[in-house]
Amino acid sequence: MNQELRLEVYGKNFALVHEAQLQTSAVPRVGEYVALPAAVQAWVQNMTHALVHEVEWLLDGAALVPVVRCHATDHTTSSNRLLRLEEQGWLQPRN
């Protein structure tokens with residue numbers, strides 16, 4: 001079943017560069033990548049992906065709407081994902 005999802009894409013300087021409302025049955029999780037369309041890539045120095053760093057649920061009337069926030073990145077390797085989330089403060093560092 002499809003639901004509304006709000007996607008926010010931020011650039012390297014943490015400025016909001018793109019917002020979209022989508023109908024989807026999937027909600028990306030923190031640490032997953034979202035492929036960016038060409039129109040959005042132009043706003044983020046031609047970076048092709050965005051790393052999800054936060055998923056927040058917004059109560060909108062009688063529905064919960066996921067708000068997915070992600071930052072444009074040119075890194076899509078899984079070995080970099082955990083380190084990047086820790087460095088940005090989106091996950092607690094491991095001891």
# chains A, B, ... in the order shown; residues from 1 in each chain; ligands from 1
>>> residues_around(residues="Leu16 (chain A)", least_positions_apart="2", cutoff="12 Å", atoms="only C-alpha atoms", output="ChimeraX atom specification")
/A:7-14,18-20,40,43-44,69-72
>>> write_last_selection(atoms="N, CA and C atoms", output="compact mmCIF listing (two decimals), in the first residue's frame")
# COMPACT_ATOMS: atom_id res chain seq x y z
N LEU A 7 10.52 13.89 1.24
CA LEU A 7 11.97 13.73 1.10
C LEU A 7 12.62 15.10 1.08
N GLU A 8 13.63 15.28 1.93
CA GLU A 8 14.40 16.53 1.97
C GLU A 8 15.85 16.18 1.67
N VAL A 9 16.43 16.87 0.68
CA VAL A 9 17.82 16.64 0.30
C VAL A 9 18.61 17.90 0.64
N TYR A 10 19.70 17.72 1.38
CA TYR A 10 20.56 18.82 1.79
C TYR A 10 21.90 18.71 1.07
N GLY A 11 22.52 19.85 0.80
CA GLY A 11 23.82 19.89 0.15
C GLY A 11 24.94 19.79 1.17
N LYS A 12 26.17 19.89 0.69
CA LYS A 12 27.34 19.78 1.57
C LYS A 12 27.38 20.87 2.64
N ASN A 13 26.83 22.04 2.32
CA ASN A 13 26.84 23.14 3.29
C ASN A 13 25.60 23.13 4.19
N PHE A 14 24.87 22.00 4.18
CA PHE A 14 23.69 21.79 5.02
C PHE A 14 22.51 22.67 4.64
N HIS A 18 16.45 20.50 -2.07
CA HIS A 18 15.34 19.88 -2.79
C HIS A 18 14.35 19.27 -1.79
N GLU A 19 13.08 19.46 -2.07
CA GLU A 19 12.01 18.83 -1.30
C GLU A 19 11.07 18.14 -2.28
N ALA A 20 10.58 16.98 -1.90
CA ALA A 20 9.63 16.28 -2.75
C ALA A 20 8.63 15.54 -1.88
N VAL A 40 18.17 17.14 -9.67
CA VAL A 40 18.64 17.44 -8.31
C VAL A 40 20.17 17.45 -8.27
N TRP A 43 22.00 20.72 -8.48
CA TRP A 43 22.00 21.59 -7.29
C TRP A 43 23.03 21.17 -6.26
N VAL A 44 23.57 19.95 -6.38
CA VAL A 44 24.50 19.43 -5.36
C VAL A 44 25.82 19.00 -5.99
N ARG A 69 15.23 12.76 5.72
CA ARG A 69 16.23 13.80 5.49
C ARG A 69 17.55 13.12 5.10
N CYS A 70 18.16 13.64 4.03
CA CYS A 70 19.41 13.04 3.57
C CYS A 70 20.34 14.12 3.03
N HIS A 71 21.62 13.79 2.99
CA HIS A 71 22.64 14.71 2.49
C HIS A 71 23.28 14.14 1.24
N ALA A 72 23.46 15.01 0.25
CA ALA A 72 24.10 14.60 -1.00
C ALA A 72 25.52 14.14 -0.71
>>> select_by_dssp(residues="chain A", states="strand (DSSP E or B)", output="PyMOL selection string")
chain A and resi 3-10+16-24+33-35+49-60+63-73
>>> write_last_selection(atoms="C-alpha atoms", output="PDB file, in the first residue's frame")
ATOM      1  CA  GLN A   3       1.717   6.239   1.441  1.00  0.00           C
ATOM      2  CA  GLU A   4       2.938   9.817   1.259  1.00  0.00           C
ATOM      3  CA  LEU A   5       6.631  10.363   1.998  1.00  0.00           C
ATOM      4  CA  ARG A   6       8.368  13.721   2.293  1.00  0.00           C
ATOM      5  CA  LEU A   7      11.969  13.727   1.102  1.00  0.00           C
ATOM      6  CA  GLU A   8      14.396  16.527   1.971  1.00  0.00           C
ATOM      7  CA  VAL A   9      17.821  16.640   0.302  1.00  0.00           C
ATOM      8  CA  TYR A  10      20.562  18.816   1.788  1.00  0.00           C
ATOM      9  CA  LEU A  16      18.065  22.434   1.874  1.00  0.00           C
ATOM     10  CA  VAL A  17      18.325  22.056  -1.909  1.00  0.00           C
ATOM     11  CA  HIS A  18      15.337  19.877  -2.787  1.00  0.00           C
ATOM     12  CA  GLU A  19      12.009  18.829  -1.298  1.00  0.00           C
ATOM     13  CA  ALA A  20       9.628  16.275  -2.754  1.00  0.00           C
ATOM     14  CA  GLN A  21       6.383  14.604  -1.739  1.00  0.00           C
ATOM     15  CA  LEU A  22       6.234  11.074  -3.059  1.00  0.00           C
ATOM     16  CA  GLN A  23       3.826   8.161  -3.021  1.00  0.00           C
ATOM     17  CA  THR A  24       5.707   5.003  -2.082  1.00  0.00           C
ATOM     18  CA  TYR A  33      21.359   5.709  -0.020  1.00  0.00           C
ATOM     19  CA  VAL A  34      18.859   7.413  -2.303  1.00  0.00           C
ATOM     20  CA  ALA A  35      19.810   7.851  -5.979  1.00  0.00           C
ATOM     21  CA  HIS A  49      23.364   9.904  -4.251  1.00  0.00           C
ATOM     22  CA  ALA A  50      22.169  11.085  -0.858  1.00  0.00           C
ATOM     23  CA  LEU A  51      22.807   9.363   2.472  1.00  0.00           C
ATOM     24  CA  VAL A  52      19.752   9.133   4.741  1.00  0.00           C
ATOM     25  CA  HIS A  53      20.637  10.534   8.163  1.00  0.00           C
ATOM     26  CA  GLU A  54      17.208  11.000   9.756  1.00  0.00           C
ATOM     27  CA  VAL A  55      13.691   9.628   9.468  1.00  0.00           C
ATOM     28  CA  GLU A  56      11.045  11.518  11.411  1.00  0.00           C
ATOM     29  CA  TRP A  57       7.334  10.704  11.569  1.00  0.00           C
ATOM     30  CA  LEU A  58       4.944  13.637  11.273  1.00  0.00           C
ATOM     31  CA  LEU A  59       1.346  13.381  12.502  1.00  0.00           C
ATOM     32  CA  ASP A  60      -0.738  14.827   9.661  1.00  0.00           C
ATOM     33  CA  ALA A  63      -1.969   9.738   9.284  1.00  0.00           C
ATOM     34  CA  LEU A  64       1.711   9.368  10.146  1.00  0.00           C
ATOM     35  CA  VAL A  65       3.863  10.717   7.314  1.00  0.00           C
ATOM     36  CA  PRO A  66       7.563   9.831   7.155  1.00  0.00           C
ATOM     37  CA  VAL A  67       9.930  12.766   6.605  1.00  0.00           C
ATOM     38  CA  VAL A  68      13.233  11.466   5.234  1.00  0.00           C
ATOM     39  CA  ARG A  69      16.235  13.802   5.488  1.00  0.00           C
ATOM     40  CA  CYS A  70      19.406  13.043   3.568  1.00  0.00           C
ATOM     41  CA  HIS A  71      22.641  14.710   2.493  1.00  0.00           C
ATOM     42  CA  ALA A  72      24.095  14.597  -0.996  1.00  0.00           C
ATOM     43  CA  THR A  73      27.266  12.565  -1.223  1.00  0.00           C
TER      44      THR A  73
END
>>> select_by_dssp(residues="chain A", states="helix (DSSP H, G or I)", output="list in words")
Ala38, Ala39, Val40, Gln41, Ala42, Trp43, Val44, Ser78, Ser79, Asn80, Arg81, Leu82, Leu83, Arg84, Leu85, Glu86 and Glu87 of chain A
